[in-house]
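Next comes upload-v6.txt, a file with compact mmCIF, C-alpha atoms.
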```
# COMPACT_ATOMS: atom_id res chain seq x y z
CA MET A 1 -89.57 73.35 45.88
CA ILE A 2 -90.51 74.77 42.48
CA SER A 3 -94.12 75.62 41.68
CA GLN A 4 -93.77 76.92 38.10
CA ILE A 5 -91.14 77.62 35.48
CA PHE A 6 -91.75 80.01 32.61
CA ILE A 7 -89.69 81.82 29.99
CA LEU A 8 -90.69 85.23 28.67
CA SER A 9 -89.35 87.35 25.85
CA SER A 10 -88.17 90.89 26.54
CA LYS A 11 -91.61 92.07 25.35
CA GLY A 12 -93.45 89.75 27.75
CA ASP A 13 -94.43 87.09 25.20
CA HIS A 14 -95.07 83.68 26.78
CA LEU A 15 -92.56 81.25 25.27
CA ILE A 16 -92.52 78.38 27.79
CA TYR A 17 -94.84 77.71 30.75
CA LYS A 18 -94.69 74.65 33.01
CA ASP A 19 -96.81 74.23 36.16
CA PHE A 20 -95.59 71.44 38.45
CA ARG A 21 -97.84 71.76 41.52
CA GLY A 22 -100.95 73.76 40.62
CA GLU A 23 -100.37 76.23 43.46
CA ALA A 24 -100.92 79.34 41.32
CA GLY A 25 -102.72 80.24 38.12
CA LYS A 26 -101.25 81.14 34.78
CA ASP A 27 -102.05 84.79 35.43
CA VAL A 28 -98.87 85.00 37.56
CA VAL A 29 -96.93 85.31 34.29
CA THR A 30 -98.66 88.64 33.62
CA VAL A 31 -98.21 89.66 37.25
CA PHE A 32 -94.47 89.01 37.05
CA TYR A 33 -93.99 90.97 33.81
CA GLU A 34 -95.97 93.93 35.14
CA LYS A 35 -93.82 93.94 38.28
CA VAL A 36 -90.51 93.67 36.47
CA THR A 37 -91.33 96.39 33.94
CA ALA A 38 -92.72 98.76 36.54
CA LEU A 39 -89.42 98.89 38.42
CA THR A 40 -87.07 101.81 37.89
CA GLY A 41 -83.39 101.25 37.15
CA ASP A 42 -81.57 99.01 34.72
CA GLN A 43 -81.33 95.98 37.01
CA PRO A 44 -84.56 94.81 38.68
CA PRO A 45 -84.27 92.69 41.84
CA VAL A 46 -83.74 88.99 41.28
CA VAL A 47 -86.34 88.01 43.89
CA MET A 48 -89.84 89.56 44.06
CA SER A 49 -93.04 88.59 45.89
CA HIS A 50 -96.76 88.72 45.17
CA LYS A 51 -99.06 87.69 48.01
CA GLU A 52 -97.66 84.29 49.12
CA LEU A 53 -95.85 83.64 45.83
CA HIS A 54 -92.15 84.35 45.31
CA PHE A 55 -90.62 85.07 41.88
CA VAL A 56 -86.93 84.26 41.31
CA HIS A 57 -85.55 85.13 37.89
CA ILE A 58 -82.44 85.73 35.82
CA ARG A 59 -81.94 87.27 32.37
CA GLN A 60 -80.05 85.29 29.77
CA GLY A 61 -80.10 85.70 26.01
CA GLY A 62 -82.48 88.65 26.30
CA LEU A 63 -85.10 86.41 27.95
CA TYR A 64 -86.61 86.23 31.44
CA TRP A 65 -86.10 82.79 33.05
CA VAL A 66 -88.49 82.66 36.00
CA VAL A 67 -89.23 80.22 38.82
CA THR A 68 -92.14 80.67 41.21
CA THR A 69 -92.32 79.05 44.64
CA THR A 70 -94.59 79.25 47.68
CA ALA A 71 -92.11 77.51 49.97
CA ASP A 72 -89.26 79.16 51.85
CA SER A 73 -86.71 77.88 49.34
CA SER A 74 -83.21 79.31 49.19
CA PRO A 75 -83.09 81.90 46.38
CA PHE A 76 -79.42 81.10 45.83
CA THR A 77 -80.30 77.46 45.12
CA ILE A 78 -82.97 78.50 42.61
CA ILE A 79 -80.64 81.01 40.92
CA GLU A 80 -77.98 78.31 40.59
CA PHE A 81 -80.62 75.96 39.13
CA LEU A 82 -81.71 78.60 36.60
CA ASN A 83 -78.12 79.20 35.52
CA ARG A 84 -77.60 75.46 35.05
CA LEU A 85 -80.89 75.19 33.19
CA THR A 86 -79.91 77.93 30.73
CA THR A 87 -76.54 76.23 30.18
CA LEU A 88 -78.31 72.91 29.59
CA ILE A 89 -80.77 74.41 27.08
CA LYS A 90 -77.92 76.22 25.33
CA ASP A 91 -76.06 72.90 25.02
CA TYR A 92 -79.10 71.26 23.43
CA CYS A 93 -80.46 74.12 21.33
CA GLY A 94 -77.11 75.65 20.36
CA SER A 95 -77.93 79.20 21.51
CA LEU A 96 -80.11 81.18 23.89
CA SER A 97 -82.48 83.43 21.99
CA GLU A 98 -86.19 83.93 21.51
CA LYS A 99 -85.97 82.29 18.08
CA SER A 100 -84.16 79.17 19.30
CA VAL A 101 -86.62 78.74 22.21
CA ARG A 102 -89.62 79.05 19.89
CA MET A 103 -88.14 76.56 17.42
CA ASN A 104 -87.24 74.04 20.16
CA PHE A 105 -90.23 74.35 22.49
CA ALA A 106 -90.93 70.59 22.32
CA LEU A 107 -87.34 69.79 23.26
CA ILE A 108 -87.39 72.29 26.16
CA TYR A 109 -90.64 70.85 27.55
CA GLU A 110 -89.09 67.36 27.37
CA LEU A 111 -86.02 68.63 29.23
CA LEU A 112 -88.19 70.23 31.95
CA ASP A 113 -90.07 66.95 32.42
CA GLU A 114 -86.76 65.19 33.11
CA VAL A 115 -85.09 67.97 35.12
CA VAL A 116 -87.94 68.68 37.58
CA ASP A 117 -90.37 66.12 39.05
CA ASN A 118 -93.36 67.45 41.03
CA GLY A 119 -91.38 70.58 41.88
CA TYR A 120 -88.22 68.79 43.00
CA ILE A 121 -84.99 69.21 41.02
CA GLN A 122 -83.68 65.89 39.72
CA THR A 123 -80.61 66.55 37.55
CA THR A 124 -79.12 69.04 35.10
CA SER A 125 -76.37 66.73 33.85
CA THR A 126 -76.08 66.54 30.08
CA ASP A 127 -74.50 63.08 30.30
CA ILE A 128 -77.48 61.67 32.20
CA LEU A 129 -80.19 63.45 30.22
CA LYS A 130 -78.93 62.52 26.76
CA ASN A 131 -79.95 58.90 27.48
CA PHE A 132 -83.59 59.97 27.90
CA ILE A 133 -84.12 62.91 25.57
CA GLN A 134 -85.52 61.82 22.22
CA THR A 135 -86.42 65.15 20.57
CA GLU A 136 -83.84 66.48 18.13
CA ALA A 137 -82.80 70.13 18.24
CA VAL A 138 -83.92 72.44 15.44
CA THR A 139 -81.38 75.01 14.31
CA SER A 140 -82.17 78.12 12.33
CA LYS A 141 -79.06 77.75 10.24
CA PRO A 142 -77.60 74.39 9.19
CA PHE A 143 -74.05 73.65 10.17
CA SER A 144 -71.76 73.92 7.15
CA LEU A 145 -68.01 73.79 6.77
CA PHE A 146 -68.38 76.13 3.82
CA ASP A 147 -69.88 78.89 5.97
CA LEU A 148 -66.76 80.72 7.04
CA SER A 149 -66.49 83.35 9.76
CA ASP A 150 -64.17 86.33 9.83
CA VAL A 151 -62.26 84.98 12.80
CA GLY A 152 -59.37 82.73 11.89
CA LEU A 153 -58.64 79.60 13.85
CA PHE A 154 -55.49 77.56 14.02
CA GLY A 155 -55.15 73.81 13.76
CA ALA A 156 -53.38 73.16 17.03
CA GLU A 157 -51.67 69.97 15.90
CA THR A 158 -50.31 71.15 12.58
CA GLN A 159 -50.10 74.87 13.42
CA GLN A 160 -51.57 75.53 9.95
CA SER A 161 -54.11 78.30 9.68
CA LYS A 162 -57.74 77.16 9.48
CA VAL A 163 -61.06 78.97 9.51
CA ALA A 164 -63.81 77.70 11.77
CA PRO A 165 -67.44 77.36 10.77
CA SER A 166 -69.40 80.42 11.87
CA ALA A 167 -72.01 78.09 13.40
CA ALA A 168 -69.41 76.35 15.56
CA ALA A 169 -70.28 78.27 18.70
CA THR A 170 -74.01 77.62 18.34
CA ARG A 171 -74.14 74.00 17.28
CA PRO A 172 -76.43 71.88 19.50
CA ILE A 173 -75.25 68.66 21.11
CA MET A 174 -76.24 65.29 19.68
CA SER A 175 -78.80 63.03 21.25
CA SER A 176 -77.93 59.45 22.16
CA ARG A 177 -79.86 58.19 19.12
CA GLY A 178 -77.79 60.29 16.73
CA GLU A 179 -74.36 59.48 18.09
CA GLN A 180 -73.68 56.69 15.65
CA GLY A 181 -72.14 58.14 12.55
CA GLY A 182 -71.93 61.65 14.02
CA LYS A 183 -68.89 63.75 13.18
CA SER A 184 -66.33 64.00 15.98
CA GLU A 185 -65.38 67.61 16.58
CA ILE A 186 -63.94 69.64 19.42
CA PHE A 187 -63.64 73.43 19.74
CA VAL A 188 -61.28 75.16 22.16
CA ASP A 189 -61.62 78.91 22.76
CA VAL A 190 -59.07 81.03 24.61
CA LEU A 191 -61.12 84.09 25.57
CA GLU A 192 -59.78 87.16 27.36
CA ARG A 193 -61.44 90.38 28.57
CA MET A 194 -59.29 93.36 29.45
CA SER A 195 -59.92 96.46 31.57
CA VAL A 196 -57.41 99.28 31.09
CA VAL A 197 -56.98 102.85 32.33
CA ILE A 198 -54.34 105.01 30.61
CA GLY A 199 -53.40 108.42 32.05
CA SER A 200 -53.29 111.67 30.09
CA ASN A 201 -49.49 111.31 29.93
CA GLY A 202 -49.79 107.93 28.22
CA VAL A 203 -48.75 105.93 31.29
CA LEU A 204 -50.60 102.69 31.98
CA MET A 205 -52.37 103.27 35.32
CA LYS A 206 -54.45 100.12 35.68
CA VAL A 207 -54.88 96.85 33.83
CA ASP A 208 -56.88 93.72 34.58
CA VAL A 209 -57.17 90.73 32.26
CA GLU A 210 -59.61 87.91 32.92
CA GLY A 211 -59.33 84.87 30.70
CA GLU A 212 -60.68 81.38 30.31
CA ILE A 213 -60.16 78.27 28.22
CA ARG A 214 -63.51 76.96 27.05
CA VAL A 215 -64.01 73.54 25.49
CA LYS A 216 -67.05 72.63 23.43
CA CYS A 217 -67.10 68.91 22.73
CA TYR A 218 -69.06 66.92 20.14
CA MET A 219 -67.37 63.56 20.55
CA PRO A 220 -69.46 60.42 19.97
CA SER A 221 -67.45 58.61 22.66
CA CYS A 222 -65.51 59.73 25.72
CA LEU A 223 -61.87 60.27 24.85
CA GLU A 224 -59.11 61.84 26.88
CA ILE A 225 -58.17 65.32 25.72
CA ARG A 226 -54.68 66.68 26.36
CA ILE A 227 -54.25 70.47 26.00
CA GLY A 228 -50.68 71.72 26.01
CA LEU A 229 -50.10 75.32 27.10
CA ASN A 230 -46.95 77.45 26.69
CA GLU A 231 -43.99 75.77 28.35
CA GLU A 232 -43.09 79.23 29.76
CA PHE A 233 -46.51 79.60 31.44
CA SER A 234 -46.13 80.53 35.13
CA ILE A 235 -48.57 81.40 37.92
CA GLY A 236 -47.84 84.18 40.39
CA LYS A 237 -44.38 85.60 41.00
CA SER A 238 -42.71 82.24 40.60
CA GLN A 239 -39.46 81.71 38.74
CA LEU A 240 -39.77 81.97 34.97
CA ARG A 241 -39.95 78.70 33.08
CA GLY A 242 -38.37 77.65 29.82
CA TYR A 243 -36.28 79.75 27.47
CA GLY A 244 -38.92 81.69 25.55
CA ALA A 245 -40.86 84.82 26.41
CA ALA A 246 -42.53 84.58 29.80
CA VAL A 247 -46.29 84.04 29.95
CA ARG A 248 -47.43 84.86 33.46
CA VAL A 249 -50.77 85.15 35.27
CA ASP A 250 -51.50 86.07 38.88
CA GLU A 251 -54.22 83.53 39.62
CA CYS A 252 -55.49 80.37 37.98
CA SER A 253 -58.31 77.90 38.70
CA PHE A 254 -59.40 74.68 36.99
CA HIS A 255 -62.57 72.72 36.43
CA GLN A 256 -62.93 69.82 38.83
CA ALA A 257 -62.70 67.33 35.94
CA VAL A 258 -59.23 68.54 34.87
CA GLN A 259 -56.33 66.27 35.83
CA LEU A 260 -53.22 68.24 36.77
CA ASP A 261 -50.63 65.47 37.14
CA GLU A 262 -48.78 66.71 34.01
CA PHE A 263 -49.44 70.39 34.52
CA HIS A 264 -46.67 71.24 36.98
CA HIS A 265 -43.79 69.97 34.84
CA HIS A 266 -45.16 70.00 31.28
CA ARG A 267 -48.08 72.49 31.39
CA ILE A 268 -50.55 69.91 30.06
CA LEU A 269 -54.25 69.78 31.01
CA LYS A 270 -55.96 66.38 30.81
CA LEU A 271 -59.70 65.79 30.91
CA CYS A 272 -62.46 63.53 29.57
CA PRO A 273 -65.24 66.02 28.81
CA SER A 274 -68.87 65.13 28.28
CA GLN A 275 -70.76 66.57 25.35
CA GLY A 276 -71.49 70.27 25.68
CA GLU A 277 -69.57 73.33 26.79
CA HIS A 278 -67.13 73.45 29.70
CA VAL A 279 -64.85 76.14 31.13
CA VAL A 280 -61.76 74.08 31.95
CA MET A 281 -59.51 76.89 33.17
CA GLN A 282 -59.88 80.50 34.37
CA TYR A 283 -57.05 82.93 35.02
CA GLN A 284 -56.39 86.57 35.88
CA LEU A 285 -53.55 89.05 35.38
CA SER A 286 -53.37 92.47 37.05
CA ASP A 287 -51.14 95.56 37.03
CA GLU A 288 -49.01 94.72 34.01
CA LEU A 289 -49.08 93.47 30.42
CA PRO A 290 -46.33 91.53 28.65
CA SER A 291 -46.62 93.94 25.72
CA ALA A 292 -47.87 97.46 25.05
CA PRO A 293 -51.63 98.12 25.35
CA PRO A 294 -53.37 97.60 21.99
CA PHE A 295 -54.31 101.28 21.50
CA ARG A 296 -52.75 104.66 22.22
CA LEU A 297 -54.46 108.02 21.70
CA PHE A 298 -52.88 111.38 20.88
CA PRO A 299 -55.60 114.05 21.37
CA THR A 300 -55.57 117.79 20.70
CA ILE A 301 -58.48 119.78 22.17
CA GLU A 302 -58.81 123.52 21.43
CA ARG A 303 -61.23 126.32 20.45
CA ASP A 304 -61.08 127.86 16.99
CA HIS A 305 -61.59 131.53 16.06
CA GLY A 306 -65.29 130.99 15.43
CA GLY A 307 -65.87 129.67 18.93
CA ARG A 308 -66.24 126.03 17.85
CA LEU A 309 -64.73 123.14 19.78
CA LEU A 310 -62.01 121.32 17.79
CA MET A 311 -61.02 117.78 18.66
CA TYR A 312 -58.17 116.25 16.66
CA LEU A 313 -57.68 112.59 17.57
CA LYS A 314 -54.85 110.35 16.38
CA LEU A 315 -55.38 106.73 17.34
CA ARG A 316 -52.56 104.22 16.96
CA CYS A 317 -52.95 100.43 17.01
CA ASP A 318 -49.93 98.84 18.71
CA LEU A 319 -50.81 95.27 17.77
CA PRO A 320 -48.34 93.18 15.72
CA PRO A 321 -48.51 93.93 11.97
CA LYS A 322 -50.22 90.62 11.17
CA SER A 323 -52.96 91.24 13.74
CA SER A 324 -55.91 93.59 13.56
CA ALA A 325 -58.77 94.86 15.70
CA ILE A 326 -62.37 94.73 14.53
CA ASN A 327 -65.55 96.54 15.57
CA VAL A 328 -63.59 99.38 17.18
CA SER A 329 -65.80 102.06 18.73
CA VAL A 330 -64.40 105.27 20.24
CA THR A 331 -66.66 107.27 22.57
CA VAL A 332 -65.69 110.86 23.43
CA PRO A 333 -67.85 112.70 26.00
CA VAL A 334 -68.39 116.34 24.94
CA PRO A 335 -69.70 119.47 26.71
CA LYS A 336 -73.35 119.68 27.57
CA GLY A 337 -75.41 121.51 24.96
CA SER A 338 -73.32 120.50 21.92
CA LEU A 339 -75.55 121.11 18.91
CA SER A 340 -73.93 119.90 15.69
CA LEU A 341 -70.90 118.01 14.45
CA SER A 342 -68.77 118.27 11.33
CA GLN A 343 -66.08 115.67 10.76
CA GLU A 344 -63.06 114.72 8.70
CA LEU A 345 -62.14 111.03 8.88
CA SER A 346 -59.01 109.35 7.55
CA SER A 347 -60.84 106.62 5.56
CA PRO A 348 -64.30 106.27 3.98
CA ASP A 349 -65.22 103.06 5.84
CA GLN A 350 -65.28 104.94 9.16
CA LYS A 351 -68.26 106.84 10.48
CA ALA A 352 -68.96 109.22 13.36
CA GLU A 353 -71.98 110.89 14.89
CA LEU A 354 -72.97 113.12 17.79
CA ARG A 355 -75.50 111.53 20.13
CA PRO A 356 -77.04 114.26 22.30
CA GLN A 357 -78.80 111.78 24.56
CA THR A 358 -75.46 110.32 25.69
CA ARG A 359 -73.61 113.66 25.29
CA ALA A 360 -70.84 111.99 23.32
CA VAL A 361 -69.28 111.65 19.87
CA HIS A 362 -69.10 108.05 18.64
CA TRP A 363 -66.39 107.14 16.13
CA ASP A 364 -66.72 103.66 14.60
CA ILE A 365 -63.90 101.80 12.83
CA PRO A 366 -64.84 98.41 11.34
CA ARG A 367 -61.25 97.15 10.99
CA PHE A 368 -57.98 98.53 12.40
CA PRO A 369 -54.73 96.82 11.24
CA GLY A 370 -51.87 96.42 13.69
CA GLY A 371 -49.20 99.14 13.40
CA ALA A 372 -51.59 101.54 11.64
CA GLN A 373 -52.61 105.03 12.76
CA LEU A 374 -55.97 106.65 12.03
CA SER A 375 -57.08 110.21 12.64
CA ALA A 376 -60.28 112.19 12.97
CA LEU A 377 -61.05 115.89 13.18
CA PHE A 378 -64.30 116.84 14.90
CA LYS A 379 -65.75 120.36 14.98
CA LEU A 380 -68.63 120.94 17.39
CA GLU A 381 -70.97 123.89 17.81
CA VAL A 382 -71.22 124.49 21.55
CA PRO A 383 -73.16 127.60 22.70
CA GLY A 384 -71.30 129.53 25.37
CA LEU A 385 -68.12 127.47 25.02
CA SER A 386 -65.70 128.32 27.82
CA SER A 387 -62.52 126.95 29.34
CA ALA A 388 -64.63 125.28 32.04
CA SER A 389 -66.89 123.53 29.52
CA MET A 390 -63.86 122.33 27.55
CA MET A 391 -62.85 120.40 30.68
CA GLU A 392 -65.96 118.25 30.14
CA VAL A 393 -64.32 116.57 27.15
CA GLY A 394 -63.26 113.00 27.96
CA PRO A 395 -62.23 110.58 29.20
CA VAL A 396 -62.26 108.56 25.98
CA GLY A 397 -63.67 105.04 26.04
CA LEU A 398 -62.88 102.28 23.53
CA SER A 399 -64.59 99.00 22.79
CA PHE A 400 -63.12 96.45 20.38
CA GLU A 401 -62.46 92.82 19.55
CA LEU A 402 -59.04 91.31 18.85
CA PRO A 403 -59.31 88.01 16.94
CA LYS A 404 -56.31 85.63 16.87
CA TYR A 405 -54.76 87.50 19.79
CA THR A 406 -54.34 87.15 23.56
CA CYS A 407 -53.03 89.94 25.78
CA THR A 408 -51.30 87.53 28.15
CA GLY A 409 -49.59 85.62 25.34
CA LEU A 410 -51.25 82.34 26.37
CA GLN A 411 -51.24 79.86 23.47
CA ILE A 412 -52.30 76.28 22.89
CA ARG A 413 -49.19 74.26 21.97
CA PHE A 414 -51.13 71.17 20.97
CA LEU A 415 -54.54 69.55 21.26
CA ARG A 416 -54.39 65.75 21.31
CA LEU A 417 -56.99 63.03 21.69
CA THR A 418 -56.27 59.58 23.08
CA PRO A 419 -56.71 56.85 22.11
CA ILE A 420 -56.23 57.73 18.45
CA GLN A 421 -59.05 56.29 16.33
CA PRO A 422 -59.56 55.93 12.58
CA GLY A 423 -60.99 59.08 11.05
CA SER A 424 -59.44 61.64 13.35
CA ALA A 425 -61.69 64.25 14.90
CA GLN A 426 -61.78 67.83 13.68
CA ARG A 427 -60.05 70.15 16.15
CA TRP A 428 -60.39 73.94 16.21
CA VAL A 429 -58.63 76.49 18.42
CA ARG A 430 -59.62 80.15 18.54
CA TYR A 431 -58.10 83.15 20.33
CA VAL A 432 -60.24 86.24 21.01
CA THR A 433 -59.70 89.27 23.26
CA HIS A 434 -62.55 91.66 24.07
CA SER A 435 -62.46 95.02 25.77
CA ASP A 436 -64.36 95.07 29.03
CA SER A 437 -63.41 98.67 29.84
CA TYR A 438 -60.70 100.65 28.03
CA THR A 439 -60.40 104.21 29.22
CA ILE A 440 -57.93 106.89 28.11
CA ARG A 441 -57.81 110.15 30.05
CA ILE A 442 -57.14 113.37 28.11
```
Let me see the structure of the file written as structure tokens.
Amino acid sequence: MISQIFILSSKGDHLIYKDFRGEAGKDVVTVFYEKVTALTGDQPPVVMSHKELHFVHIRQGGLYWVVTTTADSSPFTIIEFLNRLTTLIKDYCGSLSEKSVRMNFALIYELLDEVVDNGYIQTTSTDILKNFIQTEAVTSKPFSLFDLSDVGLFGAETQQSKVAPSAAATRPIMSSRGEQGGKSEIFVDVLERMSVVIGSNGVLMKVDVEGEIRVKCYMPSCLEIRIGLNEEFSIGKSQLRGYGAAVRVDECSFHQAVQLDEFHHHRILKLCPSQGEHVVMQYQLSDELPSAPPFRLFPTIERDHGGRLLMYLKLRCDLPPKSSAINVSVTVPVPKGSLSLSQELSSPDQKAELRPQTRAVHWDIPRFPGGAQLSALFKLEVPGLSSASMMEVGPVGLSFELPKYTCTGLQIRFLRLTPIQPGSAQRWVRYVTHSDSYTIRI
């Protein structure tokens, strides 16, 4: 049973407050924020208590989403409810941020009135709620097909290159009143996160790739969507399929709404999604990659005649020539007590700095084309530099984003809607790989 729900900014500002049972005063908001900020460590406990009141909270979008209860409710049930509530509000408001919550406070209060009744959870289904919600979402930036992002998308049916609207990922769903005449659009994202460890000899020691296919649907009516994957897609150590390059994953799971009757033979996913965002498939690959890791480092670490530490780094991007990495950041831990840094970088758009608080040199590369090699020479003043302190250099960590690229090779063959209606819907497919942890030992 829920007593109160409130949403706070990271600074403790009261954004949303809803009291369902009158069991506690509004001062509990201040009590909660004082408790959560007084804790040491980066991750405060999810459940806290004050007298007979229990606080259960999560952090999403830089905000605190808090439920209070005086009953012996299951914290796992409340956490699941909060996660569903944030997903629901994201579907309606387009994004989770302090600005979007402030701009859509009336809509959020209307949602809370429908979702919780006298402290009892009713529903978090978008399909059910859209028949009752009358308030329209307010977006900070209007949706425009002329506002183009830097990430290219591909028209899955024609295989011609398209560019998706930058607001595509944050567009709110339509209410039932606005469905008539609304534009039919569907967005499919193939997202992958990779964790890699490369030894000092350049050998790949560990790799884990976690991926998902995410569908965001803005269809005015329920149509069947058919998503065709690579014909050579295989799960586990099974026999390779088709005649092309193998696309293999170790594990795979599907949303309960996905129909798999055509998946075994034709690698086709079928579903009738409701409006909003859905993860239709999740998969994982471990221990191997179908191609070389995206980056390889060639380091030289030595001490010059003046006693300075020299680090010469050559970084090579092993992506295909037509691909590129963006927002590349290289972090090199350096000996304790490093005072100053001089640098020579291979292009003017790069930048580097020594951050004493993290004891590391940060080298930032905004764009890194596939097949290219960049270099950097760093000279550090380190008092009392010795062979032992030079061992403190490394390991090197990389963070990056790879648009239009998947490490597993998973691709969308086609994206079809049935039945076909006049004025076909806009369809967008995007591929993005992010680094979760990319470590190179030196």
What is the atom CA of Ile78 of chain A-atom CA of Gln256 of chain A distance in Å, reported with one decimal?
22.2 Å
Give me the residues near Val196 of chain A as a CSV table (one decimal) with C-alpha atoms, in the coordinates of the input, where near means some atom within 7 Å (using only C-alpha atoms) and where sequence neighbours in that chain fewer than 4 positions away do not count.
```csv
chain,number,residue,atom,x,y,z
A,206,LYS,CA,-54.4,100.1,35.7
A,207,VAL,CA,-54.9,96.8,33.8
A,208,ASP,CA,-56.9,93.7,34.6
A,437,SER,CA,-63.4,98.7,29.8
A,438,TYR,CA,-60.7,100.6,28.0
A,439,THR,CA,-60.4,104.2,29.2
```
With all atoms listed in the file as the counted atoms, please give the residues lying no more than 6 Å from segment 357-365 of chain A, apart from itself and same-chain residues fewer than 3 positions off, as a PyMOL selection string.
chain A and resi 328-334+350-354
Can you work out which one of A:Phe378, A:Val46, A:Phe32, A:Val249 has the shortest atom-to-atom distance to Asp287 of chain A, counting only C-alpha atoms?
A:Val249
Distance table requested - segment 219-282 of chain A against segment 91-95 of chain A, cut-off 12 Å, all atoms listed in the file: one row per qualifying residue with the closest atom pair and its distance in Å to one decimal, ordered by chain and rising residue number, as CSV.
```
residue,atom,partner,partner_atom,distance
A:Ser274,CA,A:Asp91,CA,11.1
A:Gln275,CA,A:Asp91,CA,8.3
A:Gly276,CA,A:Asp91,CA,5.3
A:Glu277,CA,A:Asp91,CA,6.7
A:His278,CA,A:Asp91,CA,10.1
```
Long-range neighbours of Asp250 of chain A as a VMD selection string, 8 Å cut-off, all atoms listed in the file, 6 positions minimum in chain
chain A and resid 235 to 237 283 to 286
Keeping only C-alpha atoms, write the selected residues as a JSON list (two decimals), in the coordinates of the input.
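Written output follows (selection.json):
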```json
[["chain", "number", "residue", "atom", "x", "y", "z"],
["A", 235, "ILE", "CA", -48.57, 81.40, 37.92],
["A", 236, "GLY", "CA", -47.84, 84.18, 40.39],
["A", 237, "LYS", "CA", -44.38, 85.60, 41.00],
["A", 283, "TYR", "CA", -57.05, 82.93, 35.02],
["A", 284, "GLN", "CA", -56.39, 86.57, 35.88],
["A", 285, "LEU", "CA", -53.55, 89.05, 35.38],
["A", 286, "SER", "CA", -53.37, 92.47, 37.05]]
```
So, with all atoms listed in the file as the atoms that count, which of A:Ser342, A:Gln259, A:Thr124, A:Thr135 lies closest to Glu110 of chain A?
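Comparing A:Ser342, A:Gln259, A:Thr124, A:Thr135 against Glu110 of chain A, the winner is A:Thr135.
Candidate residues A:Arg355, A:His54, A:Lys11, A:Arg21 were compared for distance to Tyr33 of chain A, and the nearest is A:Lys11, using all atoms listed in the file.
Candidate residues A:Cys252, A:Val247, A:Leu310, A:Val382 were compared for distance to Glu288 of chain A, and the nearest is A:Val247, using all atoms listed in the file.
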Within 9 Å of segment 55-61 of chain A, counting all atoms listed in the file, which residues qualify if same-chain residues fewer than 6 places away don't, as a list in words?
Phe32, Pro45, Val46, Val47, Met48, Ser49, Val67, Thr68, Thr69, Pro75, Ile78, Ile79, Leu82, Asn83, Thr86, Ser95, Leu96, Ser97 and Glu98 of chain A
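Between Phe368 of chain A and the candidates A:Asp318, A:Glu392, A:Asp27, A:Glu344, the tightest atom-to-atom separation, counting all atoms listed in the file, involves A:Asp318.
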Nearest to Lys322 of chain A by atom-to-atom distance, counting all atoms listed in the file, from A:Phe414, A:Tyr109, A:Tyr405, A:Tyr431:
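Using all atoms listed in the file, the shortest distance to Lys322 of chain A belongs to A:Tyr405.
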Measure the distance from atom CA of Ile440 of chain A to atom CA of Leu297 of chain A in Å and round it to one decimal.
7.4 Å
Between atom CA of Glu192 of chain A and atom CA of Pro369 of chain A, measure the distance and give it in Å to one decimal.
19.5 Å
Take every atom of segment 436-439 of chain A listed in the file, fit an axis-aligned box around them, add 3 Å per side, and give the centre and edge lengths in Å to one decimal as lines of an AutoDock Vina configuration file.
```
center_x = -62.4
center_y = 99.6
center_z = 28.9
size_x = 10.0
size_y = 15.1
size_z = 7.8
```
Long-range neighbours of Ala325 of chain A as a PyMOL selection string, 12 Å cut-off, only C-alpha atoms, 4 positions minimum in chain:
chain A and resi 150-151+294-295+316-321+329+364-372+398-406+432-435
Would you export the selected residues with C-alpha atoms as a short mmCIF file (atom, residue, chain, number, x, y, z; two decimals), keeping the file's coordinate frame, please?
```
data_model
loop_
_atom_site.label_atom_id
_atom_site.label_comp_id
_atom_site.auth_asym_id
_atom_site.auth_seq_id
_atom_site.Cartn_x
_atom_site.Cartn_y
_atom_site.Cartn_z
CA ASP A 150 -64.17 86.33 9.83
CA VAL A 151 -62.26 84.98 12.80
CA PRO A 294 -53.37 97.60 21.99
CA PHE A 295 -54.31 101.28 21.50
CA ARG A 316 -52.56 104.22 16.96
CA CYS A 317 -52.95 100.43 17.01
CA ASP A 318 -49.93 98.84 18.71
CA LEU A 319 -50.81 95.27 17.77
CA PRO A 320 -48.34 93.18 15.72
CA PRO A 321 -48.51 93.93 11.97
CA SER A 329 -65.80 102.06 18.73
CA ASP A 364 -66.72 103.66 14.60
CA ILE A 365 -63.90 101.80 12.83
CA PRO A 366 -64.84 98.41 11.34
CA ARG A 367 -61.25 97.15 10.99
CA PHE A 368 -57.98 98.53 12.40
CA PRO A 369 -54.73 96.82 11.24
CA GLY A 370 -51.87 96.42 13.69
CA GLY A 371 -49.20 99.14 13.40
CA ALA A 372 -51.59 101.54 11.64
CA LEU A 398 -62.88 102.28 23.53
CA SER A 399 -64.59 99.00 22.79
CA PHE A 400 -63.12 96.45 20.38
CA GLU A 401 -62.46 92.82 19.55
CA LEU A 402 -59.04 91.31 18.85
CA PRO A 403 -59.31 88.01 16.94
CA LYS A 404 -56.31 85.63 16.87
CA TYR A 405 -54.76 87.50 19.79
CA THR A 406 -54.34 87.15 23.56
CA VAL A 432 -60.24 86.24 21.01
CA THR A 433 -59.70 89.27 23.26
CA HIS A 434 -62.55 91.66 24.07
CA SER A 435 -62.46 95.02 25.77
#
```
